[in-house]
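Shown here: my_file12.json, JSON, C-alpha atoms.
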```json
[["chain", "number", "residue", "atom", "x", "y", "z"],
["A", 1, "MET", "CA", -6.56, 15.29, -13.70],
["A", 2, "GLY", "CA", -4.13, 15.81, -10.87],
["A", 3, "SER", "CA", -4.38, 14.14, -7.48],
["A", 4, "LEU", "CA", -2.54, 14.00, -4.19],
["A", 5, "ASP", "CA", -3.22, 11.21, -1.68],
["A", 6, "GLY", "CA", -1.72, 11.33, 1.80],
["A", 7, "ALA", "CA", -1.84, 8.56, 4.39],
["A", 8, "TYR", "CA", -0.92, 8.43, 8.06],
["A", 9, "GLU", "CA", -0.93, 4.96, 9.60],
["A", 10, "ILE", "CA", -0.23, 3.71, 13.11],
["A", 11, "ILE", "CA", 0.38, 0.00, 13.72],
["A", 12, "ASP", "CA", 0.78, -1.13, 17.33],
["A", 13, "TRP", "CA", 2.51, -4.47, 16.96],
["A", 14, "SER", "CA", 3.71, -7.26, 19.20],
["A", 15, "HIS", "CA", 4.90, -10.75, 18.32],
["A", 16, "SER", "CA", 6.18, -13.84, 20.06],
["A", 17, "PRO", "CA", 9.89, -14.61, 20.64],
["A", 18, "VAL", "CA", 12.22, -15.23, 17.71],
["A", 19, "SER", "CA", 15.64, -16.88, 17.39],
["A", 20, "ASN", "CA", 17.21, -17.57, 20.81],
["A", 21, "GLU", "CA", 15.20, -14.88, 22.64],
["A", 22, "ASN", "CA", 12.63, -15.70, 25.30],
["A", 23, "TYR", "CA", 10.58, -12.49, 25.37],
["A", 24, "TRP", "CA", 7.89, -10.88, 23.26],
["A", 25, "HIS", "CA", 8.65, -7.88, 21.03],
["A", 26, "TYR", "CA", 6.55, -4.72, 21.38],
["A", 27, "GLY", "CA", 6.63, -1.71, 19.11],
["A", 28, "SER", "CA", 4.81, 0.69, 16.82],
["A", 29, "LEU", "CA", 5.27, 1.31, 13.12],
["A", 30, "TYR", "CA", 4.34, 4.77, 11.82],
["A", 31, "SER", "CA", 3.91, 5.48, 8.12],
["A", 32, "TYR", "CA", 3.77, 8.91, 6.49],
["A", 33, "VAL", "CA", 3.17, 8.51, 2.76],
["A", 34, "LEU", "CA", 2.26, 10.90, -0.08],
["A", 35, "ASN", "CA", 1.24, 9.72, -3.53],
["A", 36, "PRO", "CA", 1.01, 12.50, -6.15],
["A", 37, "ALA", "CA", -0.41, 11.40, -9.50],
["A", 38, "LEU", "CA", -1.25, 12.86, -12.90],
["A", 39, "THR", "CA", -3.82, 11.30, -15.24],
["A", 40, "ILE", "CA", -3.67, 12.29, -18.91],
["A", 41, "GLY", "CA", -6.50, 11.50, -21.32],
["A", 42, "LEU", "CA", -4.81, 10.16, -24.46],
["A", 43, "SER", "CA", -8.14, 9.74, -26.28],
["A", 44, "ASP", "CA", -11.83, 9.25, -25.48],
["A", 45, "TYR", "CA", -11.02, 5.69, -24.39],
["A", 46, "PHE", "CA", -7.37, 5.64, -23.22],
["A", 47, "ASN", "CA", -5.68, 7.42, -20.33],
["A", 48, "LEU", "CA", -2.29, 7.25, -18.66],
["A", 49, "THR", "CA", -1.68, 7.69, -14.93],
["A", 50, "ILE", "CA", 1.80, 8.46, -13.58],
["A", 51, "SER", "CA", 2.22, 8.27, -9.80],
["A", 52, "GLN", "CA", 5.11, 8.52, -7.35],
["A", 53, "THR", "CA", 5.27, 7.27, -3.74],
["A", 54, "ILE", "CA", 7.03, 9.59, -1.29],
["A", 55, "GLY", "CA", 7.35, 9.11, 2.46],
["A", 56, "THR", "CA", 8.92, 7.33, 5.38],
["A", 57, "ARG", "CA", 8.14, 4.48, 7.76],
["A", 58, "ILE", "CA", 9.41, 4.71, 11.33],
["A", 59, "MET", "CA", 9.71, 1.88, 13.87],
["A", 60, "ASN", "CA", 9.65, 2.58, 17.60],
["A", 61, "TYR", "CA", 10.74, -0.53, 19.50],
["A", 62, "GLU", "CA", 9.81, -0.77, 23.17],
["A", 63, "GLU", "CA", 12.43, -2.39, 25.35],
["A", 64, "VAL", "CA", 11.08, -3.82, 28.61],
["A", 65, "ASP", "CA", 12.65, -2.16, 31.67],
["A", 66, "GLY", "CA", 15.54, -1.00, 29.50],
["A", 67, "VAL", "CA", 16.49, -4.52, 28.51],
["A", 68, "ASN", "CA", 15.45, -7.06, 25.86],
["A", 69, "PRO", "CA", 17.60, -5.66, 23.04],
["A", 70, "THR", "CA", 17.21, -7.52, 19.76],
["A", 71, "PRO", "CA", 18.88, -7.56, 16.33],
["A", 72, "HIS", "CA", 15.43, -7.51, 14.71],
["A", 73, "HIS", "CA", 13.99, -4.13, 15.77],
["A", 74, "ARG", "CA", 15.11, -0.73, 17.06],
["A", 75, "ASP", "CA", 14.09, 2.90, 16.77],
["A", 76, "GLU", "CA", 14.74, 3.63, 13.08],
["A", 77, "GLY", "CA", 13.21, 4.88, 9.86],
["A", 78, "THR", "CA", 13.35, 4.16, 6.14],
["A", 79, "HIS", "CA", 14.74, 7.63, 5.39],
["A", 80, "THR", "CA", 18.17, 6.60, 6.76],
["A", 81, "ASP", "CA", 20.74, 3.99, 5.67],
["A", 82, "PHE", "CA", 21.39, 1.00, 7.91],
["A", 83, "LEU", "CA", 24.61, -1.02, 8.16],
["A", 84, "ASN", "CA", 25.07, -1.27, 4.38],
["A", 85, "GLN", "CA", 21.99, -3.48, 4.33],
["A", 86, "ALA", "CA", 19.29, -0.87, 3.62],
["A", 87, "ASN", "CA", 19.40, 2.17, 1.37],
["A", 88, "GLY", "CA", 17.55, 5.05, 3.01],
["A", 89, "GLY", "CA", 15.46, 7.63, 1.19],
["A", 90, "ILE", "CA", 12.00, 9.16, 0.91],
["A", 91, "LEU", "CA", 11.26, 8.09, -2.68],
["A", 92, "GLY", "CA", 9.28, 4.90, -3.15],
["A", 93, "ASP", "CA", 8.06, 3.26, -6.36],
["A", 94, "THR", "CA", 6.99, 5.02, -9.56],
["A", 95, "ARG", "CA", 3.95, 3.57, -11.35],
["A", 96, "LEU", "CA", 2.83, 3.90, -14.95],
["A", 97, "LEU", "CA", -0.70, 2.65, -15.65],
["A", 98, "PHE", "CA", -2.61, 2.66, -18.95],
["A", 99, "ARG", "CA", -6.42, 2.32, -18.71],
["A", 100, "TYR", "CA", -8.91, 1.55, -21.48],
["A", 101, "LEU", "CA", -12.62, 2.35, -21.17],
["A", 102, "ILE", "CA", -14.42, -0.77, -22.43],
["A", 103, "LEU", "CA", -17.97, 0.22, -21.50],
["A", 104, "ASN", "CA", -19.62, 3.54, -20.65],
["A", 105, "ASP", "CA", -23.41, 3.88, -20.41],
["A", 106, "GLY", "CA", -23.24, 7.62, -19.73],
["A", 107, "MET", "CA", -24.60, 9.51, -16.71],
["A", 108, "ARG", "CA", -26.33, 6.37, -15.36],
["A", 109, "GLY", "CA", -25.51, 2.72, -15.84],
["A", 110, "ASN", "CA", -22.31, 0.74, -16.13],
["A", 111, "ARG", "CA", -18.69, 1.74, -16.62],
["A", 112, "LEU", "CA", -15.89, -0.79, -17.13],
["A", 113, "PHE", "CA", -12.12, -0.17, -17.27],
["A", 114, "ILE", "CA", -9.20, -2.50, -17.93],
["A", 115, "GLY", "CA", -5.62, -1.45, -17.25],
["A", 116, "THR", "CA", -2.01, -2.54, -17.43],
["A", 117, "GLY", "CA", 1.23, -0.94, -16.36],
["A", 118, "LEU", "CA", 4.62, -1.10, -14.71],
["A", 119, "THR", "CA", 6.08, -0.47, -11.26],
["A", 120, "ILE", "CA", 9.55, 1.08, -11.36],
["A", 121, "PRO", "CA", 11.45, 0.55, -8.08],
["A", 122, "SER", "CA", 13.44, 3.22, -6.27],
["A", 123, "GLN", "CA", 16.81, 2.84, -4.57],
["A", 124, "SER", "CA", 15.24, 3.03, -1.07],
["A", 125, "ARG", "CA", 15.24, -0.74, -0.53],
["A", 126, "LEU", "CA", 16.88, -3.62, 1.29],
["A", 127, "THR", "CA", 20.13, -4.65, -0.39],
["A", 128, "LYS", "CA", 20.89, -7.74, 1.68],
["A", 129, "SER", "CA", 18.78, -10.55, 3.08],
["A", 130, "PRO", "CA", 17.84, -9.99, 6.75],
["A", 131, "PHE", "CA", 17.70, -13.78, 7.26],
["A", 132, "ILE", "CA", 21.43, -14.58, 7.17],
["A", 133, "GLN", "CA", 22.54, -16.39, 10.34],
["A", 134, "ASN", "CA", 26.00, -16.39, 11.87],
["A", 135, "ASP", "CA", 27.73, -19.71, 12.56],
["A", 136, "ASP", "CA", 26.52, -19.63, 16.18],
["A", 137, "GLY", "CA", 22.90, -19.19, 15.10],
["A", 138, "SER", "CA", 22.74, -15.50, 16.00],
["A", 139, "TYR", "CA", 21.81, -12.61, 13.72],
["A", 140, "ASP", "CA", 23.55, -9.31, 13.13],
["A", 141, "GLU", "CA", 21.35, -6.24, 13.45],
["A", 142, "HIS", "CA", 19.16, -5.89, 10.37],
["A", 143, "ARG", "CA", 16.13, -4.10, 8.97],
["A", 144, "HIS", "CA", 12.98, -5.74, 7.60],
["A", 145, "PHE", "CA", 11.26, -2.81, 5.87],
["A", 146, "ALA", "CA", 11.93, -0.11, 3.26],
["A", 147, "MET", "CA", 10.01, 2.30, 0.99],
["A", 148, "SER", "CA", 10.45, 0.09, -2.08],
["A", 149, "GLU", "CA", 10.56, -3.67, -2.61],
["A", 150, "GLY", "CA", 13.21, -3.12, -5.27],
["A", 151, "ASN", "CA", 11.59, -5.08, -8.12],
["A", 152, "TYR", "CA", 10.18, -4.12, -11.50],
["A", 153, "GLN", "CA", 6.59, -5.40, -11.46],
["A", 154, "TRP", "CA", 3.84, -5.84, -14.03],
["A", 155, "LEU", "CA", 0.47, -4.36, -13.06],
["A", 156, "GLY", "CA", -2.96, -5.52, -14.17],
["A", 157, "GLU", "CA", -6.26, -3.88, -13.26],
["A", 158, "LEU", "CA", -10.01, -4.28, -13.77],
["A", 159, "GLN", "CA", -12.61, -1.77, -12.53],
["A", 160, "PHE", "CA", -16.41, -1.91, -12.72],
["A", 161, "TYR", "CA", -18.71, 0.88, -11.55],
["A", 162, "ARG", "CA", -22.47, 1.29, -11.68],
["A", 163, "LYS", "CA", -24.00, 4.75, -11.48],
["A", 164, "LEU", "CA", -27.39, 4.91, -9.79],
["A", 165, "SER", "CA", -30.07, 7.36, -8.77],
["A", 166, "PRO", "CA", -29.93, 8.90, -5.26],
["A", 167, "PRO", "CA", -29.62, 8.14, -2.42],
["A", 168, "ILE", "CA", -26.81, 5.79, -3.65],
["A", 169, "ILE", "CA", -24.83, 7.62, -6.34],
["A", 170, "PHE", "CA", -22.71, 4.65, -7.36],
["A", 171, "TRP", "CA", -21.06, 1.45, -6.24],
["A", 172, "GLY", "CA", -18.01, -0.19, -7.70],
["A", 173, "ILE", "CA", -15.54, -3.07, -7.58],
["A", 174, "SER", "CA", -11.85, -2.63, -8.36],
["A", 175, "SER", "CA", -9.31, -5.46, -8.64],
["A", 176, "SER", "CA", -5.59, -5.50, -9.38],
["A", 177, "VAL", "CA", -2.61, -7.82, -9.55],
["A", 178, "SER", "CA", 1.09, -7.03, -9.18],
["A", 179, "TYR", "CA", 3.55, -9.57, -10.56],
["A", 180, "PRO", "CA", 7.36, -9.27, -10.17],
["A", 181, "ILE", "CA", 9.15, -9.55, -13.52],
["A", 182, "GLN", "CA", 12.40, -10.97, -12.13],
["A", 183, "LYS", "CA", 14.54, -10.89, -9.00],
["A", 184, "ASN", "CA", 16.65, -7.78, -8.60],
["A", 185, "SER", "CA", 20.43, -7.45, -8.57],
["A", 186, "ASP", "CA", 20.48, -8.11, -4.80],
["A", 187, "GLY", "CA", 18.68, -11.46, -5.20],
["A", 188, "PHE", "CA", 15.25, -10.40, -3.91],
["A", 189, "LEU", "CA", 11.98, -11.39, -5.60],
["A", 190, "ALA", "CA", 8.82, -9.64, -4.37],
["A", 191, "PRO", "CA", 5.60, -11.60, -3.83],
["A", 192, "ILE", "CA", 2.68, -11.72, -6.23],
["A", 193, "LYS", "CA", -0.01, -9.42, -4.82],
["A", 194, "TYR", "CA", -3.78, -9.38, -5.36],
["A", 195, "ASP", "CA", -6.12, -6.60, -4.35],
["A", 196, "ILE", "CA", -9.91, -6.37, -4.56],
["A", 197, "SER", "CA", -12.01, -3.55, -3.13],
["A", 198, "PHE", "CA", -15.65, -2.48, -2.95],
["A", 199, "SER", "CA", -16.79, 1.12, -2.63],
["A", 200, "LEU", "CA", -20.15, 2.81, -2.30],
["A", 201, "LEU", "CA", -20.95, 6.52, -2.40],
["A", 202, "THR", "CA", -24.14, 8.23, -1.25],
["A", 203, "GLN", "CA", -25.61, 11.53, -2.34],
["A", 204, "LYS", "CA", -24.50, 14.68, -0.56],
["A", 205, "MET", "CA", -25.77, 14.94, 2.99],
["A", 206, "ARG", "CA", -26.87, 18.48, 3.81],
["A", 207, "ILE", "CA", -25.86, 18.42, 7.47],
["A", 208, "ILE", "CA", -22.16, 18.09, 6.55],
["A", 209, "ASN", "CA", -22.37, 19.12, 2.86],
["A", 210, "ALA", "CA", -20.50, 15.93, 1.91],
["A", 211, "ALA", "CA", -21.14, 12.50, 0.46],
["A", 212, "LEU", "CA", -20.57, 9.39, 2.58],
["A", 213, "GLY", "CA", -18.31, 6.65, 1.26],
["A", 214, "ILE", "CA", -18.15, 3.04, 2.51],
["A", 215, "TYR", "CA", -15.09, 0.91, 1.69],
["A", 216, "LEU", "CA", -14.10, -2.74, 1.96],
["A", 217, "GLN", "CA", -10.72, -4.03, 0.76],
["A", 218, "TYR", "CA", -8.97, -7.41, 0.69],
["A", 219, "LYS", "CA", -5.25, -7.75, -0.05],
["A", 220, "TYR", "CA", -3.22, -10.91, -0.48],
["A", 221, "ALA", "CA", 0.58, -11.11, -0.77],
["A", 222, "GLY", "CA", 2.25, -14.39, -1.70],
["A", 223, "ILE", "CA", 5.71, -15.71, -0.88],
["A", 224, "SER", "CA", 8.82, -13.59, -1.39],
["A", 225, "THR", "CA", 12.35, -15.00, -1.75],
["A", 226, "TRP", "CA", 16.01, -14.08, -1.34],
["A", 227, "ASP", "CA", 18.23, -15.94, -3.82],
["A", 228, "GLY", "CA", 15.46, -18.48, -4.36],
["A", 229, "ILE", "CA", 15.03, -19.20, -0.62],
["A", 230, "GLU", "CA", 11.51, -18.67, 0.70],
["A", 231, "ASN", "CA", 11.04, -15.98, 3.34],
["A", 232, "LYS", "CA", 9.11, -17.23, 6.32],
["A", 233, "ASN", "CA", 5.97, -15.30, 7.21],
["A", 234, "SER", "CA", 6.06, -13.47, 3.86],
["A", 235, "GLU", "CA", 2.62, -14.73, 2.83],
["A", 236, "GLY", "CA", -0.20, -12.65, 4.29],
["A", 237, "GLN", "CA", -3.76, -11.36, 3.99],
["A", 238, "ILE", "CA", -5.26, -8.05, 5.07],
["A", 239, "PHE", "CA", -8.93, -7.06, 5.26],
["A", 240, "THR", "CA", -9.63, -3.34, 5.58],
["A", 241, "PRO", "CA", -13.06, -1.84, 6.28],
["A", 242, "GLY", "CA", -13.47, 1.90, 6.37],
["A", 243, "PHE", "CA", -15.57, 4.97, 5.73],
["A", 244, "GLY", "CA", -15.01, 8.51, 4.58],
["A", 245, "PHE", "CA", -16.48, 11.79, 3.39],
["A", 246, "ILE", "CA", -16.10, 13.58, 0.06],
["A", 247, "TRP", "CA", -16.54, 17.30, -0.56],
["A", 248, "THR", "CA", -16.69, 18.87, -4.02],
["A", 249, "THR", "CA", -16.32, 22.52, -5.02],
["A", 250, "LYS", "CA", -17.55, 24.52, -7.97],
["A", 251, "ASN", "CA", -14.05, 24.69, -9.47],
["A", 252, "LYS", "CA", -13.89, 20.88, -9.89],
["A", 253, "LEU", "CA", -11.85, 20.26, -6.75],
["A", 254, "GLY", "CA", -12.62, 17.10, -4.76],
["A", 255, "ILE", "CA", -11.49, 16.51, -1.17],
["A", 256, "ALA", "CA", -11.82, 13.14, 0.56],
["A", 257, "VAL", "CA", -11.08, 12.16, 4.16],
["A", 258, "ASN", "CA", -11.13, 8.43, 5.03],
["A", 259, "CYS", "CA", -10.71, 6.37, 8.20],
["A", 260, "LEU", "CA", -9.51, 2.80, 7.62],
["A", 261, "PHE", "CA", -8.96, -0.11, 9.98],
["A", 262, "PRO", "CA", -6.63, -2.82, 8.55],
["A", 263, "GLN", "CA", -6.97, -6.33, 10.00],
["A", 264, "LEU", "CA", -4.50, -9.20, 9.50],
["A", 265, "LEU", "CA", -6.19, -12.49, 8.61],
["A", 266, "ASN", "CA", -5.21, -16.08, 9.49],
["A", 267, "ASN", "CA", -2.30, -15.07, 11.73],
["A", 268, "SER", "CA", -0.55, -13.24, 8.89],
["A", 269, "ALA", "CA", 2.65, -11.46, 9.91],
["A", 270, "LEU", "CA", 3.29, -7.74, 9.64],
["A", 271, "ALA", "CA", 6.80, -8.31, 8.32],
["A", 272, "THR", "CA", 8.88, -11.20, 7.04],
["A", 273, "ILE", "CA", 10.59, -12.66, 10.12],
["A", 274, "GLU", "CA", 12.89, -15.67, 10.10],
["A", 275, "THR", "CA", 10.80, -17.78, 12.50],
["A", 276, "ASN", "CA", 7.07, -18.44, 12.75],
["A", 277, "VAL", "CA", 5.52, -16.02, 15.22],
["A", 278, "ASP", "CA", 2.19, -15.12, 16.81],
["A", 279, "ASN", "CA", 1.09, -11.53, 16.10],
["A", 280, "ASN", "CA", -1.06, -9.01, 17.93],
["A", 281, "ILE", "CA", -1.96, -6.06, 15.71],
["A", 282, "ASN", "CA", -3.94, -2.86, 16.15],
["A", 283, "ALA", "CA", -3.82, -0.65, 13.05],
["A", 284, "TYR", "CA", -5.43, 2.64, 12.13],
["A", 285, "GLN", "CA", -5.10, 4.69, 8.96],
["A", 286, "LEU", "CA", -6.21, 8.22, 8.14],
["A", 287, "THR", "CA", -6.07, 9.34, 4.50],
["A", 288, "LEU", "CA", -6.58, 12.66, 2.76],
["A", 289, "GLY", "CA", -7.19, 12.83, -0.98],
["A", 290, "ILE", "CA", -7.33, 15.90, -3.21],
["A", 291, "ARG", "CA", -8.34, 15.74, -6.89],
["A", 292, "LYS", "CA", -8.53, 18.46, -9.49],
["A", 293, "THR", "CA", -9.79, 18.21, -13.07],
["A", 294, "PHE", "CA", -8.02, 20.62, -15.41],
["A", 295, "ASP", "CA", -9.65, 22.31, -18.41],
["A", 296, "TYR", "CA", -6.59, 21.83, -20.59],
["A", 297, "SER", "CA", -6.02, 19.89, -23.76],
["A", 298, "ILE", "CA", -2.59, 18.77, -24.92],
["A", 299, "PRO", "CA", -2.37, 20.08, -28.50],
["A", 300, "PHE", "CA", -0.81, 17.02, -30.14],
["A", 301, "LEU", "CA", -3.43, 14.73, -28.53],
["A", 302, "GLU", "CA", -6.43, 16.60, -29.88]]
```

Taking this structure as input, can you express it in the form of structure tokens?
Amino acid sequence: MGSLDGAYEIIDWSHSPVSNENYWHYGSLYSYVLNPALTIGLSDYFNLTISQTIGTRIMNYEEVDGVNPTPHHRDEGTHTDFLNQANGGILGDTRLLFRYLILNDGMRGNRLFIGTGLTIPSQSRLTKSPFIQNDDGSYDEHRHFAMSEGNYQWLGELQFYRKLSPPIIFWGISSSVSYPIQKNSDGFLAPIKYDISFSLLTQKMRIINAALGIYLQYKYAGISTWDGIENKNSEGQIFTPGFGFIWTTKNKLGIAVNCLFPQLLNNSALATIETNVDNNINAYQLTLGIRKTFDYSIPFLE
């Protein structure tokens, strides 16, 4: 099966003063991300998914009346280099994920998957800590975000789905964990991340010829470090409700359009910033997914 997921996200963001500044920061972060993937059935019970993140994230920083410059933010994007501290590029992480089908009741009933895999980082990452202070307490201009965290990470996954009779076709729970294997050559260690989501799909509604999907997702990211020093504001939680529509065609093509509304929990920060800050966040995400099942068998796997 081949798939292509695209996401467009807008985050209107403001936070309280940092360092020696006495004014709030206002800006918007735009993300344009594609995630092509290929799933290969290795047997009746095993499959392998290979995926690649491609895209860019762009920050627009709003100066007030042409003033309030800051070393922390500016108009910039992850596709460009920055002061020898960030490698630019459009390639993000590559992921390899093996899944095993533990339970399958057939057309109706339960289905349970367990998976494990590896995240392979790209070169589009930060190469120097953005938290290094000068002797006078000031900061040189720096970037806080990139397309890749720059760490090899172990992936673990558990998925449970239950197929039902209409009007609810199925509901499911998916959970995953991402664990950094070791700090990279630049001294950065990514946080441990947990993800759990719930999804529900209805039967096709005639008025729009599509099924309705309801989604709830919770994400937690722990503490990240540079050279063993904890990054302030790196721990965070996000809750994302959303809904979408799925269309299917006779040639086994599936098209999904989703609207998602991420919410930061417990005053979590959008980015790791060197001082504790108050955040105001408004975020919106629109995703498009295309999936195609191929009638092809790899000869040596038959």

- [ ] Mind checking which residues fall within 12 Å of region 185-192 of chain A, counting only C-alpha atoms, ignoring those fewer than 4 positions away in the same chain, and posting them as JSON, numbers by chain?
- [x] {"A": [85, 86, 119, 121, 123, 125, 126, 127, 128, 129, 130, 131, 148, 149, 150, 151, 152, 153, 154, 155, 156, 176, 177, 178, 179, 180, 181, 219, 220, 221, 222, 223, 224, 225, 226, 227, 228, 229, 230, 231, 233, 234, 235, 236, 272]}

Residues of the last selection are to be written out with C-alpha atoms, as a short mmCIF file (atom, residue, chain, number, x, y, z; two decimals), in the frame of the given file.
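File part30.cif, as written:
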```
data_model
loop_
_atom_site.label_atom_id
_atom_site.label_comp_id
_atom_site.auth_asym_id
_atom_site.auth_seq_id
_atom_site.Cartn_x
_atom_site.Cartn_y
_atom_site.Cartn_z
CA GLN A 85 21.99 -3.48 4.33
CA ALA A 86 19.29 -0.87 3.62
CA THR A 119 6.08 -0.47 -11.26
CA PRO A 121 11.45 0.55 -8.08
CA GLN A 123 16.81 2.84 -4.57
CA ARG A 125 15.24 -0.74 -0.53
CA LEU A 126 16.88 -3.62 1.29
CA THR A 127 20.13 -4.65 -0.39
CA LYS A 128 20.89 -7.74 1.68
CA SER A 129 18.78 -10.55 3.08
CA PRO A 130 17.84 -9.99 6.75
CA PHE A 131 17.70 -13.78 7.26
CA SER A 148 10.45 0.09 -2.08
CA GLU A 149 10.56 -3.67 -2.61
CA GLY A 150 13.21 -3.12 -5.27
CA ASN A 151 11.59 -5.08 -8.12
CA TYR A 152 10.18 -4.12 -11.50
CA GLN A 153 6.59 -5.40 -11.46
CA TRP A 154 3.84 -5.84 -14.03
CA LEU A 155 0.47 -4.36 -13.06
CA GLY A 156 -2.96 -5.52 -14.17
CA SER A 176 -5.59 -5.50 -9.38
CA VAL A 177 -2.61 -7.82 -9.55
CA SER A 178 1.09 -7.03 -9.18
CA TYR A 179 3.55 -9.57 -10.56
CA PRO A 180 7.36 -9.27 -10.17
CA ILE A 181 9.15 -9.55 -13.52
CA LYS A 219 -5.25 -7.75 -0.05
CA TYR A 220 -3.22 -10.91 -0.48
CA ALA A 221 0.58 -11.11 -0.77
CA GLY A 222 2.25 -14.39 -1.70
CA ILE A 223 5.71 -15.71 -0.88
CA SER A 224 8.82 -13.59 -1.39
CA THR A 225 12.35 -15.00 -1.75
CA TRP A 226 16.01 -14.08 -1.34
CA ASP A 227 18.23 -15.94 -3.82
CA GLY A 228 15.46 -18.48 -4.36
CA ILE A 229 15.03 -19.20 -0.62
CA GLU A 230 11.51 -18.67 0.70
CA ASN A 231 11.04 -15.98 3.34
CA ASN A 233 5.97 -15.30 7.21
CA SER A 234 6.06 -13.47 3.86
CA GLU A 235 2.62 -14.73 2.83
CA GLY A 236 -0.20 -12.65 4.29
CA THR A 272 8.88 -11.20 7.04
#
```

Open item on the list: Residues proximal to (3.8, 5.0, 9.6) were defined as those with any atom within 6 Å of that point in the file's coordinates, counting only C-alpha atoms. Which are they, as an NGL selection string?
Closed with: :A and (9-10 or 29-32 or 57-58)

Task: Residues within 8 Å of Thr39 (chain A), all atoms listed in the file, excluding chain neighbours under 5 positions, as JSON, numbers by chain - done: {"A": [1, 2, 47, 48, 49, 50]}

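Of the residues under consideration (A:Asp44, A:Arg74, A:Met147, A:Asp105), A:Met147 shows the shortest atom-to-atom contact distance to Asn87 (chain A) when counting all atoms listed in the file.
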
Open item on the list: Residues within 8 Å of (-0.3, -3.1, 16.2), file coordinates, counting all atoms listed in the file: what are they? Give the list as an MDAnalysis selection string.
Closed with: chainID A and resid 10:14 27:29 280:283
